[in-house]
Amino acid sequence: MPPIIQAIRGMNDVLPEQTHLWQTVENILSRIVAAYGYQEIRFPIVEKTELFKRSIGEVTDIVEKEMYTFSDRNGDSLTLRPEGTACCVRAGIENGLLYNQLQRLWYLGPMFRHERPQKGRYRQFQQLGVEAFGMADPLIDAEIILMTMRIWRALGIENHLVLHINSLGSPAARNDYRTALIDYFSQHTDKLDEDSQRRLHSNPLRILDSKNPVMQPLIADAPQLLEHLDTESQQHFDELKSLLTAAGITYQINPRLVRGLDYYNQTVFEWMTSDEKAQNTVCAGGRYDGLVEQLGGSATPAVGFAMGLERIVNLMTEILPKERGQTPCAYFIMADTLARQRGLTVAERLRNHFPQLIFIVDAAAGSFKSQFKRADKSAAQFAFILGEDEVRQNKITLKYLREEKPQEIFTEAELVKFLGTKTQA
Ligand code: HAM
């Protein structure tokens, strides 16, 4: 036999036992973002490399070492999108959606980053992104955070996430701060690791984001960005904090939150799990008032976020009880050809009555014993048995697969009634 071809490392299949969870999450997300007036936008998976270099920044991990970049047959440099904000802005400018207009847009789809794969970190991952254009008021920053909170509640994970916020200030204030950081770290070059040495002059803010334990004491004593805020950014941040407090949202101010993409100013935020492991941010975003202009549009304030669906699904699978997963109601077991015909049609009618329930009809045939084995494996609550007697009497035997109860014999009408009372319970 030829060797099996495997998927690319860090790129995963979503198997049938997980797809219902993905569908539930996707439905909840699209329903909630629509309730805030957001409209879906779809853009290509591949863009010109220049787009990401100019927006995310040349000296970022993403652009320096994580992009899937290739030359196409014309020799153009193209890149599989590592994130959606740059694409959304590009599409917005190109299609005239942003000029002098307010836009609330969302997108859902795969992003690609050549990172070292581990749990929660993949090379192809799914993001839901939300971007609001034309609004400079901190009210919209607060509203998108409220929207994320509503999403966590709907998914049942709100008690497992903590909101971290920070302000990066105006570009001018950030420049001041940058100088202060370079001064500070230059006095300690001997303690800087290789990455930080390289970043010292190109992107010193990113040194604060280092996960290297050896660097932590140095980082802890570094000047703080919030001390360098300009008045306008300070006001923006204060107003955001009071809006969040008034809405009952608890947050932590995290002066080390600088984000890994260069386009942000003022508000930045991340929702993290309390899990101390590295991949604990499920949702992240902030304000990027300069990006539209930087990509050739007219100056347009903007704010948004993206959440990683794998991280959400992983969290849900870890914390939600197994019974929240959708298991079949019943598994049909049938004796012979006549019983199989009947099973097929009864199952159809039950699906009409109970569209929310799952019925599986054994299609592999074989002995009762092997059908029972498959019924058990399916995790169904009941087996519906159609033997020769049942077919003759026009009845169905119900066997409890997960409880110690005697089996029961029903007519089809009685079975519908029985399932009706079960689904109401
Ligand atoms: P980001 O922080 O790079 O921001 O990614 C947002 C989220 O995508 C992360 O919090 C995480 O949940 C998920 N994510 C990122 N990388 C991976 C990975 N390798 N594997 C699994 N999940 C991952 C952005 O992408 C910005 N575009 C967010 C934004 C939108 N800012 C403003 N608007």
# chains A, B, ... in the order shown; residues from 1 in each chain; ligands from 1

$ residues_around --residues "region 344-356 of chain A" --least-positions-apart "2" --cutoff "12 Å" --atoms "only C-alpha atoms" --output "PyMOL selection string"
chain A and resi 326-334+337-342+358-363+384-386+391+394-396+411-424

$ write_last_selection --atoms "N, CA and C atoms" --output "tab-separated table (two decimals), in the first residue's frame"
chain	number	residue	atom	x	y	z
A	326	GLN	N	-24.38	17.09	21.64
A	326	GLN	CA	-25.64	16.54	21.16
A	326	GLN	C	-25.51	15.06	20.86
A	327	THR	N	-26.16	14.24	21.65
A	327	THR	CA	-26.10	12.81	21.40
A	327	THR	C	-27.42	12.37	20.76
A	328	PRO	N	-27.41	11.26	20.02
A	328	PRO	CA	-28.64	10.81	19.37
A	328	PRO	C	-29.71	10.43	20.40
A	329	CYS	N	-30.96	10.64	20.01
A	329	CYS	CA	-32.07	10.21	20.86
A	329	CYS	C	-32.22	8.69	20.75
A	330	ALA	N	-32.27	8.20	19.52
A	330	ALA	CA	-32.51	6.76	19.37
A	330	ALA	C	-31.75	6.17	18.19
A	331	TYR	N	-31.48	4.89	18.32
A	331	TYR	CA	-30.77	4.14	17.28
A	331	TYR	C	-31.68	3.02	16.85
A	332	PHE	N	-32.02	2.96	15.57
A	332	PHE	CA	-32.94	1.94	15.06
A	332	PHE	C	-32.20	0.64	14.76
A	333	ILE	N	-32.73	-0.45	15.34
A	333	ILE	CA	-32.15	-1.78	15.11
A	333	ILE	C	-33.21	-2.64	14.43
A	334	MET	N	-32.90	-3.25	13.30
A	334	MET	CA	-33.94	-3.93	12.52
A	334	MET	C	-33.53	-5.34	12.11
A	337	THR	N	-35.40	-7.40	5.93
A	337	THR	CA	-35.68	-6.41	4.90
A	337	THR	C	-36.95	-5.62	5.20
A	338	LEU	N	-38.00	-6.34	5.59
A	338	LEU	CA	-39.27	-5.67	5.88
A	338	LEU	C	-39.11	-4.68	7.05
A	339	ALA	N	-38.41	-5.14	8.08
A	339	ALA	CA	-38.19	-4.29	9.26
A	339	ALA	C	-37.34	-3.07	8.89
A	340	ARG	N	-36.40	-3.28	8.00
A	340	ARG	CA	-35.53	-2.15	7.59
A	340	ARG	C	-36.33	-1.10	6.85
A	341	GLN	N	-37.26	-1.56	5.97
A	341	GLN	CA	-38.14	-0.60	5.26
A	341	GLN	C	-38.93	0.21	6.27
A	342	ARG	N	-39.48	-0.51	7.26
A	342	ARG	CA	-40.33	0.17	8.23
A	342	ARG	C	-39.50	1.14	9.09
A	358	ILE	N	-32.02	13.70	17.22
A	358	ILE	CA	-31.24	12.93	16.25
A	358	ILE	C	-31.68	11.47	16.29
A	359	PHE	N	-32.03	10.91	15.12
A	359	PHE	CA	-32.36	9.49	15.02
A	359	PHE	C	-31.39	8.86	14.04
A	360	ILE	N	-30.81	7.76	14.45
A	360	ILE	CA	-29.88	7.08	13.55
A	360	ILE	C	-30.44	5.71	13.21
A	361	VAL	N	-30.50	5.43	11.91
A	361	VAL	CA	-30.99	4.13	11.46
A	361	VAL	C	-29.77	3.29	11.10
A	362	ASP	N	-29.68	2.09	11.69
A	362	ASP	CA	-28.52	1.25	11.40
A	362	ASP	C	-28.51	0.91	9.92
A	363	ALA	N	-27.42	1.22	9.26
A	363	ALA	CA	-27.38	0.98	7.82
A	363	ALA	C	-26.32	-0.06	7.49
A	384	PHE	N	-34.49	1.64	19.27
A	384	PHE	CA	-35.83	1.32	18.79
A	384	PHE	C	-35.69	0.02	17.99
A	385	ILE	N	-36.32	-1.05	18.48
A	385	ILE	CA	-36.09	-2.36	17.87
A	385	ILE	C	-37.28	-2.77	17.03
A	386	LEU	N	-36.99	-3.18	15.81
A	386	LEU	CA	-38.02	-3.71	14.92
A	386	LEU	C	-37.63	-5.14	14.54
A	391	VAL	N	-42.82	-6.03	13.58
A	391	VAL	CA	-43.32	-5.68	12.24
A	391	VAL	C	-44.73	-6.25	12.06
A	394	ASN	N	-47.14	-4.28	14.08
A	394	ASN	CA	-47.05	-2.83	13.85
A	394	ASN	C	-46.66	-2.05	15.11
A	395	LYS	N	-45.68	-2.58	15.79
A	395	LYS	CA	-45.22	-1.96	17.04
A	395	LYS	C	-43.71	-1.71	16.98
A	396	ILE	N	-43.23	-1.00	18.00
A	396	ILE	CA	-41.79	-0.73	18.11
A	396	ILE	C	-41.38	-0.98	19.56
A	411	THR	N	-46.99	1.55	20.03
A	411	THR	CA	-47.37	1.81	18.64
A	411	THR	C	-46.62	3.08	18.25
A	412	GLU	N	-46.64	3.38	16.97
A	412	GLU	CA	-45.91	4.58	16.53
A	412	GLU	C	-46.49	5.83	17.21
A	413	ALA	N	-47.83	5.90	17.31
A	413	ALA	CA	-48.47	7.07	17.94
A	413	ALA	C	-48.07	7.18	19.41
A	414	GLU	N	-48.03	6.02	20.09
A	414	GLU	CA	-47.62	6.05	21.51
A	414	GLU	C	-46.16	6.50	21.65
A	415	LEU	N	-45.35	6.09	20.70
A	415	LEU	CA	-43.93	6.46	20.74
A	415	LEU	C	-43.77	7.98	20.58
A	416	VAL	N	-44.57	8.56	19.67
A	416	VAL	CA	-44.52	10.01	19.46
A	416	VAL	C	-44.90	10.71	20.77
A	417	LYS	N	-45.96	10.20	21.43
A	417	LYS	CA	-46.41	10.79	22.69
A	417	LYS	C	-45.30	10.69	23.75
A	418	PHE	N	-44.70	9.51	23.82
A	418	PHE	CA	-43.64	9.27	24.81
A	418	PHE	C	-42.48	10.25	24.59
A	419	LEU	N	-42.04	10.40	23.32
A	419	LEU	CA	-40.92	11.30	23.04
A	419	LEU	C	-41.31	12.74	23.31
A	420	GLY	N	-42.60	13.05	23.06
A	420	GLY	CA	-43.12	14.41	23.34
A	420	GLY	C	-42.95	14.74	24.81
A	421	THR	N	-43.33	13.82	25.69
A	421	THR	CA	-43.20	14.11	27.13
A	421	THR	C	-41.71	14.18	27.52
A	422	LYS	N	-40.89	13.36	26.89
A	422	LYS	CA	-39.45	13.38	27.20
A	422	LYS	C	-38.81	14.72	26.81
A	423	THR	N	-39.19	15.24	25.62
A	423	THR	CA	-38.55	16.47	25.16
A	423	THR	C	-39.02	17.67	25.96
A	424	GLN	N	-40.25	17.58	26.54
A	424	GLN	CA	-40.70	18.70	27.37
A	424	GLN	C	-40.03	18.68	28.73

$ closest_atom_pairs --of "chain A" --to "ligand 1" --cutoff "8 Å" --atoms "only C-alpha atoms and all ligand atoms" --output "CSV"
residue,atom,partner,partner_atom_place_in_ligand_line,distance
A:Pro82,CA,ligand 1,25 (O),7.3
A:Glu83,CA,ligand 1,25 (O),4.5
A:Gly84,CA,ligand 1,27 (N),5.3
A:Thr85,CA,ligand 1,27 (N),4.6
A:Ala86,CA,ligand 1,27 (N),7.3
A:Phe112,CA,ligand 1,19 (N),7.3
A:Arg113,CA,ligand 1,19 (N),5.7
A:His114,CA,ligand 1,19 (N),7.6
A:Glu115,CA,ligand 1,19 (N),6.0
A:Pro117,CA,ligand 1,19 (N),7.4
A:Gly120,CA,ligand 1,21 (C),5.2
A:Arg121,CA,ligand 1,20 (N),3.5
A:Tyr122,CA,ligand 1,20 (N),4.0
A:Arg123,CA,ligand 1,19 (N),5.4
A:Gln124,CA,ligand 1,20 (N),6.8
A:Phe125,CA,ligand 1,21 (C),5.0
A:Gln126,CA,ligand 1,22 (N),7.0
A:Gln127,CA,ligand 1,8 (O),5.8
A:Gly129,CA,ligand 1,30 (C),5.7
A:Val130,CA,ligand 1,33 (N),6.2
A:Glu131,CA,ligand 1,33 (N),5.6
A:Arg259,CA,ligand 1,2 (O),6.7
A:Gly260,CA,ligand 1,3 (O),6.5
A:Leu261,CA,ligand 1,3 (O),6.9
A:Tyr264,CA,ligand 1,31 (N),7.8
A:Glu270,CA,ligand 1,10 (O),6.9
A:Trp271,CA,ligand 1,10 (O),7.6
A:Gln279,CA,ligand 1,11 (C),7.8
A:Asn280,CA,ligand 1,12 (O),7.8
A:Thr281,CA,ligand 1,10 (O),4.6
A:Val282,CA,ligand 1,12 (O),3.6
A:Cys283,CA,ligand 1,10 (O),3.9
A:Ala284,CA,ligand 1,10 (O),4.6
A:Gly285,CA,ligand 1,31 (N),3.7
A:Gly286,CA,ligand 1,32 (C),5.1
A:Arg287,CA,ligand 1,32 (C),6.5
A:Tyr288,CA,ligand 1,32 (C),7.0
A:Val303,CA,ligand 1,32 (C),5.8
A:Gly304,CA,ligand 1,33 (N),3.5
A:Phe305,CA,ligand 1,30 (C),3.5
A:Ala306,CA,ligand 1,28 (C),4.3
A:Met307,CA,ligand 1,7 (C),4.5
A:Gly308,CA,ligand 1,12 (O),3.4
A:Leu309,CA,ligand 1,12 (O),6.9
A:Glu310,CA,ligand 1,21 (C),6.1
A:Arg311,CA,ligand 1,12 (O),5.9
A:Ile312,CA,ligand 1,12 (O),7.7

$ select_by_dssp --residues "region 171-331 of chain A" --states "strand (DSSP E)" --output "list in words"
Gln252, Ile253, Asn265, Gln266, Thr267, Val268, Phe269, Glu270, Trp271, Met272, Thr273, Thr281, Val282, Cys283, Ala284, Gly285, Gly286, Arg287, Ala302, Val303, Gly304, Phe305, Ala306, Met307, Gly308, Ala330 and Tyr331 of chain A

$ write_last_selection --atoms "N, CA and C atoms" --output "mmCIF file, in the first residue's frame"
data_model
loop_
_atom_site.group_PDB
_atom_site.id
_atom_site.type_symbol
_atom_site.label_atom_id
_atom_site.label_comp_id
_atom_site.auth_asym_id
_atom_site.auth_seq_id
_atom_site.Cartn_x
_atom_site.Cartn_y
_atom_site.Cartn_z
ATOM 1 N N GLN A 252 -9.287 44.214 34.085
ATOM 2 C CA GLN A 252 -7.987 44.466 34.718
ATOM 3 C C GLN A 252 -7.204 45.392 33.817
ATOM 4 N N ILE A 253 -6.618 46.425 34.397
ATOM 5 C CA ILE A 253 -5.752 47.280 33.583
ATOM 6 C C ILE A 253 -4.402 46.591 33.522
ATOM 7 N N ASN A 265 -3.734 52.034 18.265
ATOM 8 C CA ASN A 265 -3.509 53.218 19.088
ATOM 9 C C ASN A 265 -4.605 53.221 20.155
ATOM 10 N N GLN A 266 -4.443 54.019 21.182
ATOM 11 C CA GLN A 266 -5.414 54.094 22.285
ATOM 12 C C GLN A 266 -5.838 52.710 22.796
ATOM 13 N N THR A 267 -7.166 52.422 22.775
ATOM 14 C CA THR A 267 -7.655 51.196 23.415
ATOM 15 C C THR A 267 -7.072 49.908 22.836
ATOM 16 N N VAL A 268 -6.582 49.044 23.707
ATOM 17 C CA VAL A 268 -6.328 47.646 23.315
ATOM 18 C C VAL A 268 -6.906 46.753 24.406
ATOM 19 N N PHE A 269 -7.367 45.578 24.016
ATOM 20 C CA PHE A 269 -7.922 44.669 25.027
ATOM 21 C C PHE A 269 -7.746 43.216 24.619
ATOM 22 N N GLU A 270 -7.736 42.364 25.617
ATOM 23 C CA GLU A 270 -7.691 40.911 25.357
ATOM 24 C C GLU A 270 -8.542 40.211 26.400
ATOM 25 N N TRP A 271 -9.262 39.186 25.972
ATOM 26 C CA TRP A 271 -9.975 38.306 26.889
ATOM 27 C C TRP A 271 -9.126 37.057 27.062
ATOM 28 N N MET A 272 -8.743 36.779 28.310
ATOM 29 C CA MET A 272 -7.859 35.639 28.545
ATOM 30 C C MET A 272 -8.502 34.650 29.503
ATOM 31 N N THR A 273 -8.107 33.401 29.349
ATOM 32 C CA THR A 273 -8.533 32.417 30.348
ATOM 33 C C THR A 273 -7.577 32.522 31.529
ATOM 34 N N THR A 281 -5.247 33.618 25.234
ATOM 35 C CA THR A 281 -6.085 34.719 24.749
ATOM 36 C C THR A 281 -7.099 34.181 23.741
ATOM 37 N N VAL A 282 -8.377 34.323 24.050
ATOM 38 C CA VAL A 282 -9.379 33.819 23.098
ATOM 39 C C VAL A 282 -9.885 34.930 22.191
ATOM 40 N N CYS A 283 -9.697 36.179 22.614
ATOM 41 C CA CYS A 283 -10.230 37.274 21.806
ATOM 42 C C CYS A 283 -9.377 38.503 22.052
ATOM 43 N N ALA A 284 -9.066 39.251 20.995
ATOM 44 C CA ALA A 284 -8.184 40.393 21.174
ATOM 45 C C ALA A 284 -8.500 41.463 20.146
ATOM 46 N N GLY A 285 -8.268 42.718 20.530
ATOM 47 C CA GLY A 285 -8.519 43.779 19.560
ATOM 48 C C GLY A 285 -8.168 45.130 20.103
ATOM 49 N N GLY A 286 -8.703 46.154 19.433
ATOM 50 C CA GLY A 286 -8.432 47.509 19.867
ATOM 51 C C GLY A 286 -8.705 48.498 18.766
ATOM 52 N N ARG A 287 -8.275 49.745 19.045
ATOM 53 C CA ARG A 287 -8.513 50.849 18.125
ATOM 54 C C ARG A 287 -7.345 50.963 17.149
ATOM 55 N N ALA A 302 -11.277 53.731 13.669
ATOM 56 C CA ALA A 302 -11.756 52.347 13.569
ATOM 57 C C ALA A 302 -11.385 51.565 14.825
ATOM 58 N N VAL A 303 -12.199 50.581 15.124
ATOM 59 C CA VAL A 303 -11.929 49.726 16.272
ATOM 60 C C VAL A 303 -12.508 48.344 15.982
ATOM 61 N N GLY A 304 -11.885 47.308 16.521
ATOM 62 C CA GLY A 304 -12.414 45.964 16.259
ATOM 63 C C GLY A 304 -11.729 44.911 17.095
ATOM 64 N N PHE A 305 -12.106 43.680 16.850
ATOM 65 C CA PHE A 305 -11.461 42.564 17.555
ATOM 66 C C PHE A 305 -11.585 41.312 16.712
ATOM 67 N N ALA A 306 -10.838 40.284 17.090
ATOM 68 C CA ALA A 306 -11.028 38.965 16.479
ATOM 69 C C ALA A 306 -10.930 37.917 17.571
ATOM 70 N N MET A 307 -11.742 36.866 17.421
ATOM 71 C CA MET A 307 -11.640 35.768 18.391
ATOM 72 C C MET A 307 -11.271 34.481 17.672
ATOM 73 N N GLY A 308 -10.489 33.649 18.350
ATOM 74 C CA GLY A 308 -10.045 32.389 17.761
ATOM 75 C C GLY A 308 -11.033 31.285 18.107
ATOM 76 N N ALA A 330 -32.274 8.198 19.515
ATOM 77 C CA ALA A 330 -32.512 6.759 19.371
ATOM 78 C C ALA A 330 -31.754 6.173 18.193
ATOM 79 N N TYR A 331 -31.475 4.888 18.324
ATOM 80 C CA TYR A 331 -30.766 4.144 17.277
ATOM 81 C C TYR A 331 -31.684 3.016 16.848
#

$ closest_residue --among "A:Asn212, A:Gln393, A:Thr250, A:Gln118" --to "Gly10 (chain A)" --atoms "only C-alpha atoms"
A:Gln118

$ closest_residue --among "A:Glu50, A:Glu17, A:Glu388, A:Asp137" --to "His236 (chain A)" --atoms "only C-alpha atoms"
A:Asp137

$ closest_residue --among "A:Lys211, A:Leu291, A:Leu229, A:Arg153" --to "Cys87 (chain A)" --atoms "only C-alpha atoms"
A:Leu291

$ atom_distance --atom1 "CA of Ser274 (chain A)" --atom2 "CA of Leu128 (chain A)"
21.6 Å

$ closest_residue --among "A:Leu105, A:Ala383, A:Ile4, A:Ile62" --to "Gly37 (chain A)" --atoms "only C-alpha atoms"
A:Leu105

$ residues_around --residues "Gly92 (chain A)" --least-positions-apart "2" --cutoff "12 Å" --atoms "only C-alpha atoms" --output "ChimeraX atom specification"
/A:41-43,84-90,94-106,131-134,291-293,295-298,300,302

$ closest_residue --among "A:Leu15, A:Val59, A:Ala35, A:Ala154" --to "Leu200 (chain A)" --atoms "only C-alpha atoms"
A:Val59

$ closest_residue --among "A:Asn159, A:Tyr177, A:Pro3, A:Met135" --to "Ile319 (chain A)" --atoms "only C-alpha atoms"
A:Asn159

$ atom_distance --atom1 "CA of Phe382 (chain A)" --atom2 "CA of Ala365 (chain A)"
17.8 Å

$ atom_distance --atom1 "CA of Ala173 (chain A)" --atom2 "CA of Val214 (chain A)"
28.5 Å
